[in-house]
file query_7.cif (mmCIF, N, CA and C atoms)
data_model
loop_
_atom_site.label_atom_id
_atom_site.label_comp_id
_atom_site.auth_asym_id
_atom_site.auth_seq_id
_atom_site.Cartn_x
_atom_site.Cartn_y
_atom_site.Cartn_z
N MET Y 918 -12.19 21.39 129.22
CA MET Y 918 -13.31 21.04 130.05
C MET Y 918 -13.21 19.60 130.56
N PHE Y 919 -12.75 18.69 129.71
CA PHE Y 919 -12.59 17.29 130.12
C PHE Y 919 -11.13 16.97 130.32
N GLN Y 920 -10.84 16.05 131.24
CA GLN Y 920 -9.47 15.60 131.43
C GLN Y 920 -9.01 14.90 130.17
N LYS Y 921 -7.75 15.12 129.79
CA LYS Y 921 -7.21 14.57 128.55
C LYS Y 921 -7.32 13.05 128.49
N ASP Y 922 -7.23 12.37 129.61
CA ASP Y 922 -7.27 10.90 129.62
C ASP Y 922 -8.61 10.35 130.12
N LEU Y 923 -9.67 11.13 130.00
CA LEU Y 923 -10.99 10.74 130.49
C LEU Y 923 -11.44 9.38 129.98
N LEU Y 924 -11.14 9.06 128.73
CA LEU Y 924 -11.57 7.79 128.13
C LEU Y 924 -10.42 6.81 127.90
N LYS Y 925 -9.32 7.04 128.60
CA LYS Y 925 -8.15 6.17 128.43
C LYS Y 925 -8.53 4.71 128.72
N ASN Y 926 -8.04 3.82 127.86
CA ASN Y 926 -8.26 2.37 127.97
C ASN Y 926 -9.72 1.96 127.71
N LYS Y 927 -10.51 2.84 127.13
CA LYS Y 927 -11.88 2.51 126.73
C LYS Y 927 -11.88 2.26 125.23
N THR Y 928 -12.69 1.32 124.79
CA THR Y 928 -12.84 1.03 123.37
C THR Y 928 -14.25 1.39 122.94
N ILE Y 929 -14.34 2.20 121.90
CA ILE Y 929 -15.62 2.68 121.41
C ILE Y 929 -15.77 2.35 119.93
N ILE Y 930 -16.87 1.67 119.59
CA ILE Y 930 -17.21 1.43 118.19
C ILE Y 930 -18.20 2.50 117.76
N ILE Y 931 -17.93 3.11 116.60
CA ILE Y 931 -18.82 4.13 116.07
C ILE Y 931 -19.28 3.70 114.68
N THR Y 932 -20.58 3.41 114.55
CA THR Y 932 -21.12 3.11 113.23
C THR Y 932 -21.33 4.43 112.50
N GLY Y 933 -21.21 4.38 111.18
CA GLY Y 933 -21.28 5.63 110.43
C GLY Y 933 -20.12 6.55 110.80
N GLY Y 934 -18.99 5.94 111.11
CA GLY Y 934 -17.85 6.69 111.66
C GLY Y 934 -16.91 7.32 110.66
N GLY Y 935 -17.18 7.17 109.38
CA GLY Y 935 -16.27 7.71 108.38
C GLY Y 935 -16.47 9.17 108.04
N THR Y 936 -17.65 9.69 108.31
CA THR Y 936 -17.96 11.08 107.94
C THR Y 936 -18.86 11.73 108.99
N GLY Y 937 -19.07 13.01 108.83
CA GLY Y 937 -20.05 13.76 109.62
C GLY Y 937 -19.90 13.63 111.13
N LEU Y 938 -21.05 13.43 111.78
CA LEU Y 938 -21.07 13.35 113.24
C LEU Y 938 -20.24 12.19 113.77
N GLY Y 939 -20.29 11.05 113.10
CA GLY Y 939 -19.51 9.89 113.55
C GLY Y 939 -18.02 10.19 113.56
N LYS Y 940 -17.56 10.83 112.50
CA LYS Y 940 -16.15 11.21 112.42
C LYS Y 940 -15.79 12.20 113.53
N SER Y 941 -16.65 13.20 113.72
CA SER Y 941 -16.38 14.21 114.75
C SER Y 941 -16.35 13.60 116.15
N MET Y 942 -17.31 12.72 116.43
CA MET Y 942 -17.32 12.07 117.75
C MET Y 942 -16.08 11.20 117.93
N GLY Y 943 -15.70 10.48 116.87
CA GLY Y 943 -14.50 9.65 116.95
C GLY Y 943 -13.26 10.45 117.25
N MET Y 944 -13.13 11.59 116.58
CA MET Y 944 -11.96 12.45 116.83
C MET Y 944 -11.94 12.90 118.28
N ARG Y 945 -13.07 13.34 118.78
CA ARG Y 945 -13.11 13.85 120.16
C ARG Y 945 -12.88 12.75 121.17
N PHE Y 946 -13.54 11.62 121.00
CA PHE Y 946 -13.33 10.50 121.92
C PHE Y 946 -11.87 10.05 121.89
N GLY Y 947 -11.29 10.05 120.70
CA GLY Y 947 -9.88 9.67 120.57
C GLY Y 947 -8.96 10.66 121.26
N GLU Y 948 -9.26 11.94 121.14
CA GLU Y 948 -8.48 12.98 121.84
C GLU Y 948 -8.54 12.77 123.35
N LEU Y 949 -9.64 12.20 123.83
CA LEU Y 949 -9.80 11.95 125.26
C LEU Y 949 -9.24 10.59 125.67
N GLY Y 950 -8.54 9.92 124.75
CA GLY Y 950 -7.80 8.72 125.10
C GLY Y 950 -8.42 7.39 124.70
N ALA Y 951 -9.62 7.41 124.12
CA ALA Y 951 -10.27 6.15 123.75
C ALA Y 951 -9.62 5.52 122.52
N LYS Y 952 -9.72 4.21 122.44
CA LYS Y 952 -9.38 3.47 121.23
C LYS Y 952 -10.67 3.44 120.41
N ILE Y 953 -10.57 3.85 119.16
CA ILE Y 953 -11.75 4.05 118.33
C ILE Y 953 -11.81 3.03 117.20
N VAL Y 954 -12.99 2.45 117.02
CA VAL Y 954 -13.27 1.62 115.84
C VAL Y 954 -14.34 2.35 115.06
N ILE Y 955 -14.01 2.70 113.81
CA ILE Y 955 -15.00 3.32 112.95
C ILE Y 955 -15.44 2.29 111.92
N THR Y 956 -16.74 2.27 111.67
CA THR Y 956 -17.28 1.32 110.72
C THR Y 956 -18.34 1.98 109.85
N SER Y 957 -18.37 1.58 108.61
CA SER Y 957 -19.39 1.98 107.64
C SER Y 957 -19.23 1.07 106.43
N ARG Y 958 -20.00 1.28 105.41
CA ARG Y 958 -19.96 0.39 104.26
C ARG Y 958 -18.78 0.63 103.33
N LYS Y 959 -18.18 1.81 103.35
CA LYS Y 959 -17.14 2.17 102.38
C LYS Y 959 -15.76 2.22 103.02
N GLN Y 960 -14.97 1.17 102.76
CA GLN Y 960 -13.64 1.07 103.37
C GLN Y 960 -12.74 2.24 102.99
N GLU Y 961 -12.83 2.71 101.75
CA GLU Y 961 -11.97 3.82 101.32
C GLU Y 961 -12.24 5.10 102.12
N VAL Y 962 -13.50 5.33 102.45
CA VAL Y 962 -13.85 6.50 103.28
C VAL Y 962 -13.29 6.30 104.69
N LEU Y 963 -13.45 5.11 105.22
CA LEU Y 963 -12.93 4.80 106.56
C LEU Y 963 -11.42 4.97 106.62
N ASP Y 964 -10.72 4.48 105.60
CA ASP Y 964 -9.26 4.57 105.58
C ASP Y 964 -8.80 6.03 105.58
N LYS Y 965 -9.48 6.87 104.80
CA LYS Y 965 -9.13 8.29 104.77
C LYS Y 965 -9.34 8.94 106.13
N THR Y 966 -10.48 8.65 106.74
CA THR Y 966 -10.77 9.20 108.07
C THR Y 966 -9.78 8.68 109.10
N ALA Y 967 -9.45 7.40 109.03
CA ALA Y 967 -8.49 6.82 109.98
C ALA Y 967 -7.13 7.50 109.86
N GLN Y 968 -6.72 7.82 108.64
CA GLN Y 968 -5.43 8.51 108.46
C GLN Y 968 -5.47 9.89 109.13
N GLU Y 969 -6.59 10.59 108.98
CA GLU Y 969 -6.73 11.90 109.63
C GLU Y 969 -6.66 11.76 111.15
N MET Y 970 -7.35 10.75 111.67
CA MET Y 970 -7.35 10.53 113.12
C MET Y 970 -5.97 10.17 113.62
N LYS Y 971 -5.31 9.28 112.90
CA LYS Y 971 -3.96 8.86 113.31
C LYS Y 971 -2.99 10.03 113.30
N SER Y 972 -3.18 10.98 112.37
CA SER Y 972 -2.27 12.12 112.27
C SER Y 972 -2.31 13.02 113.50
N VAL Y 973 -3.39 12.91 114.29
CA VAL Y 973 -3.47 13.69 115.53
C VAL Y 973 -3.36 12.79 116.77
N GLY Y 974 -2.91 11.55 116.55
CA GLY Y 974 -2.63 10.67 117.69
C GLY Y 974 -3.74 9.76 118.15
N VAL Y 975 -4.82 9.66 117.38
CA VAL Y 975 -5.93 8.79 117.77
C VAL Y 975 -5.60 7.35 117.39
N ASP Y 976 -5.82 6.44 118.32
CA ASP Y 976 -5.64 5.01 118.07
C ASP Y 976 -6.94 4.50 117.45
N VAL Y 977 -6.94 4.28 116.14
CA VAL Y 977 -8.18 4.00 115.41
C VAL Y 977 -8.04 2.76 114.53
N LEU Y 978 -9.13 2.04 114.42
CA LEU Y 978 -9.21 0.85 113.57
C LEU Y 978 -10.41 1.01 112.65
N PRO Y 979 -10.19 1.10 111.32
CA PRO Y 979 -11.31 1.20 110.38
C PRO Y 979 -11.72 -0.19 109.89
N ILE Y 980 -13.00 -0.54 110.06
CA ILE Y 980 -13.50 -1.84 109.62
C ILE Y 980 -14.80 -1.62 108.85
N SER Y 981 -14.83 -2.04 107.60
CA SER Y 981 -16.06 -1.87 106.83
C SER Y 981 -17.10 -2.91 107.24
N GLY Y 982 -18.35 -2.51 107.16
CA GLY Y 982 -19.45 -3.40 107.47
C GLY Y 982 -20.76 -2.66 107.35
N ASP Y 983 -21.83 -3.41 107.16
CA ASP Y 983 -23.17 -2.85 107.00
C ASP Y 983 -23.98 -3.23 108.24
N VAL Y 984 -24.46 -2.24 108.97
CA VAL Y 984 -25.20 -2.51 110.21
C VAL Y 984 -26.50 -3.27 109.97
N ARG Y 985 -26.95 -3.33 108.72
CA ARG Y 985 -28.16 -4.08 108.39
C ARG Y 985 -27.88 -5.56 108.18
N ASN Y 986 -26.60 -5.95 108.23
CA ASN Y 986 -26.19 -7.32 108.01
C ASN Y 986 -25.63 -7.90 109.32
N PRO Y 987 -26.33 -8.82 109.96
CA PRO Y 987 -25.87 -9.36 111.25
C PRO Y 987 -24.46 -9.98 111.19
N GLU Y 988 -24.10 -10.59 110.08
CA GLU Y 988 -22.76 -11.17 109.96
C GLU Y 988 -21.68 -10.09 109.97
N ASP Y 989 -21.97 -8.96 109.31
CA ASP Y 989 -21.02 -7.84 109.33
C ASP Y 989 -20.88 -7.28 110.73
N VAL Y 990 -21.98 -7.13 111.43
CA VAL Y 990 -21.95 -6.62 112.80
C VAL Y 990 -21.09 -7.52 113.67
N ASP Y 991 -21.32 -8.82 113.58
CA ASP Y 991 -20.54 -9.77 114.37
C ASP Y 991 -19.05 -9.69 114.01
N SER Y 992 -18.75 -9.56 112.73
CA SER Y 992 -17.36 -9.46 112.29
C SER Y 992 -16.67 -8.23 112.87
N VAL Y 993 -17.36 -7.09 112.86
CA VAL Y 993 -16.80 -5.86 113.42
C VAL Y 993 -16.49 -6.05 114.90
N VAL Y 994 -17.43 -6.62 115.64
CA VAL Y 994 -17.23 -6.83 117.07
C VAL Y 994 -16.07 -7.80 117.33
N GLN Y 995 -16.00 -8.89 116.58
CA GLN Y 995 -14.94 -9.88 116.78
C GLN Y 995 -13.56 -9.29 116.46
N LYS Y 996 -13.45 -8.53 115.37
CA LYS Y 996 -12.17 -7.89 115.02
C LYS Y 996 -11.78 -6.87 116.07
N THR Y 997 -12.76 -6.13 116.57
CA THR Y 997 -12.49 -5.15 117.62
C THR Y 997 -11.93 -5.84 118.86
N LYS Y 998 -12.59 -6.90 119.30
CA LYS Y 998 -12.14 -7.62 120.50
C LYS Y 998 -10.74 -8.20 120.31
N LYS Y 999 -10.46 -8.71 119.11
CA LYS Y 999 -9.15 -9.31 118.83
C LYS Y 999 -8.03 -8.28 118.92
N ILE Y 1000 -8.30 -7.06 118.45
CA ILE Y 1000 -7.25 -6.04 118.40
C ILE Y 1000 -7.24 -5.13 119.63
N PHE Y 1001 -8.41 -4.69 120.09
CA PHE Y 1001 -8.48 -3.73 121.19
C PHE Y 1001 -8.99 -4.31 122.50
N GLY Y 1002 -9.53 -5.52 122.47
CA GLY Y 1002 -10.10 -6.08 123.69
C GLY Y 1002 -11.59 -5.77 123.79
N PRO Y 1003 -12.13 -5.85 125.00
CA PRO Y 1003 -13.58 -5.67 125.19
C PRO Y 1003 -14.07 -4.32 124.70
N VAL Y 1004 -15.31 -4.31 124.25
CA VAL Y 1004 -15.96 -3.08 123.81
C VAL Y 1004 -16.63 -2.42 125.01
N ASP Y 1005 -16.34 -1.14 125.21
CA ASP Y 1005 -16.92 -0.40 126.33
C ASP Y 1005 -18.14 0.41 125.94
N CYS Y 1006 -18.19 0.81 124.68
CA CYS Y 1006 -19.28 1.69 124.26
C CYS Y 1006 -19.54 1.51 122.77
N LEU Y 1007 -20.80 1.65 122.39
CA LEU Y 1007 -21.21 1.64 120.99
C LEU Y 1007 -21.99 2.91 120.71
N VAL Y 1008 -21.58 3.63 119.67
CA VAL Y 1008 -22.32 4.79 119.21
C VAL Y 1008 -22.95 4.37 117.88
N ASN Y 1009 -24.27 4.15 117.89
CA ASN Y 1009 -24.95 3.73 116.68
C ASN Y 1009 -25.38 4.98 115.92
N ASN Y 1010 -24.50 5.41 115.03
CA ASN Y 1010 -24.68 6.65 114.27
C ASN Y 1010 -25.04 6.37 112.82
N ALA Y 1011 -25.06 5.12 112.39
CA ALA Y 1011 -25.33 4.78 111.00
C ALA Y 1011 -26.80 4.95 110.67
N ALA Y 1012 -27.04 5.36 109.45
CA ALA Y 1012 -28.41 5.48 108.94
C ALA Y 1012 -28.74 4.22 108.17
N GLY Y 1013 -29.18 3.20 108.85
CA GLY Y 1013 -29.46 1.91 108.22
C GLY Y 1013 -30.89 1.82 107.74
N ASN Y 1014 -31.30 2.76 106.90
CA ASN Y 1014 -32.68 2.73 106.44
C ASN Y 1014 -32.79 2.22 105.02
#
call {"tool": "encode", "arguments": {"input": "query_7.cif", "output": "structure tokens"}}
result
Amino acid sequence: MFQKDLLKNKTIIITGGGTGLGKSMGMRFGELGAKIVITSRKQEVLDKTAQEMKSVGVDVLPISGDVRNPEDVDSVVQKTKKIFGPVDCLVNNAAGN
């Protein structure tokens, strides 16, 4: 339905990206050519998800951080910019309650 390179050269940060909907969206956006940054509080979960994504060709960067902590949010954005360049989209999927 979508062109394979629809999101080519786009960078997308997905909070809550290690599991569930965040993981699924990351996989699909990556399949469409986007560079994906997944973030959540548990680095080990992110690393496992990143390995799965990489195994199907997704360019992914796992960065742990808590969306309730402004310093963590800034760190995720700065690391993303350093490695992938400007951020094109943010999917705020984390449950920061």
call {"tool": "residues_around", "arguments": {"input": "query_7.cif", "residues": "Lys959 in chain Y", "least_positions_apart": "5", "cutoff": "10 Å", "atoms": "only C-alpha atoms", "output": "ChimeraX atom specification"}}
result
/Y:933,935,964,979-983
call {"tool": "atom_distance", "arguments": {"input": "query_7.cif", "atom1": "CA of Val975 in chain Y", "atom2": "CA of Glu948 in chain Y"}}
result
6.4 Å
call {"tool": "resolve_selection", "arguments": {"input": "query_7.cif", "expression": "the PyMOL selection byres ((chain Y and resi 985-1002) around 8)", "output": "PyMOL selection string"}}
result
chain Y and resi 927-928+952+954+956+978+980-984+1003-1005+1012-1014
call {"tool": "select_by_dssp", "arguments": {"input": "query_7.cif", "residues": "range 930-985 of chain Y", "states": "strand (DSSP E)", "output": "number ranges by chain"}}
result
Y: 930-932, 952-957, 976-981
call {"tool": "closest_residue", "arguments": {"input": "query_7.cif", "among": "Y:Val977, Y:Leu949, Y:Met942, Y:Val962", "to": "Asn1010 in chain Y", "atoms": "only C-alpha atoms"}}
result
Y:Met942
call {"tool": "residues_near_point", "arguments": {"input": "query_7.cif", "point": "(-18.0, 3.9, 121.5)", "cutoff": "6 Å", "atoms": "only C-alpha atoms", "output": "PDB file with N, CA and C atoms, in the frame of the given file"}}
result
ATOM      1  N   ILE Y 929     -14.340   2.200 121.900  1.00  0.00           N
ATOM      2  CA  ILE Y 929     -15.620   2.680 121.410  1.00  0.00           C
ATOM      3  C   ILE Y 929     -15.770   2.350 119.930  1.00  0.00           C
ATOM      4  N   ILE Y 930     -16.870   1.670 119.590  1.00  0.00           N
ATOM      5  CA  ILE Y 930     -17.210   1.430 118.190  1.00  0.00           C
ATOM      6  C   ILE Y 930     -18.200   2.500 117.760  1.00  0.00           C
ATOM      7  N   ILE Y 931     -17.930   3.110 116.600  1.00  0.00           N
ATOM      8  CA  ILE Y 931     -18.820   4.130 116.070  1.00  0.00           C
ATOM      9  C   ILE Y 931     -19.280   3.700 114.680  1.00  0.00           C
ATOM     10  N   CYS Y1006     -18.190   0.810 124.680  1.00  0.00           N
ATOM     11  CA  CYS Y1006     -19.280   1.690 124.260  1.00  0.00           C
ATOM     12  C   CYS Y1006     -19.540   1.510 122.770  1.00  0.00           C
ATOM     13  N   LEU Y1007     -20.800   1.650 122.390  1.00  0.00           N
ATOM     14  CA  LEU Y1007     -21.210   1.640 120.990  1.00  0.00           C
ATOM     15  C   LEU Y1007     -21.990   2.910 120.710  1.00  0.00           C
ATOM     16  N   VAL Y1008     -21.580   3.630 119.670  1.00  0.00           N
ATOM     17  CA  VAL Y1008     -22.320   4.790 119.210  1.00  0.00           C
ATOM     18  C   VAL Y1008     -22.950   4.370 117.880  1.00  0.00           C
TER      19      VAL Y1008
END
call {"tool": "closest_residue", "arguments": {"input": "query_7.cif", "among": "Y:Glu961, Y:Val973, Y:Ala1011, Y:Gly947", "to": "Leu924 in chain Y", "atoms": "only N, CA and C atoms"}}
result
Y:Gly947
call {"tool": "closest_residue", "arguments": {"input": "query_7.cif", "among": "Y:Gly950, Y:Ser941, Y:Asp976, Y:Leu963", "to": "Leu923 in chain Y", "atoms": "all atoms listed in the file"}}
result
Y:Gly950
call {"tool": "atom_distance", "arguments": {"input": "query_7.cif", "atom1": "CA of Asn1009 in chain Y", "atom2": "CA of Thr932 in chain Y"}}
result
5.2 Å
call {"tool": "axis_aligned_box", "arguments": {"input": "query_7.cif", "around": "range 990-997 of chain Y", "padding_each_side": "8 Å", "output": "lines of an AutoDock Vina configuration file"}}
result
center_x = -16.9
center_y = -7.5
center_z = 115.1
size_x = 26.2
size_y = 20.7
size_z = 23.4
call {"tool": "atom_distance", "arguments": {"input": "query_7.cif", "atom1": "CA of Ile953 in chain Y", "atom2": "CA of Ser972 in chain Y"}}
result
13.8 Å
call {"tool": "select_by_dssp", "arguments": {"input": "query_7.cif", "residues": "range 949-989 of chain Y", "states": "alpha helix (DSSP H)", "output": "PyMOL selection string"}}
result
chain Y and resi 960-972+987-989
call {"tool": "closest_residue", "arguments": {"input": "query_7.cif", "among": "Y:Phe946, Y:Lys940, Y:Met918, Y:Ala951", "to": "Thr966 in chain Y", "atoms": "all atoms listed in the file"}}
result
Y:Lys940
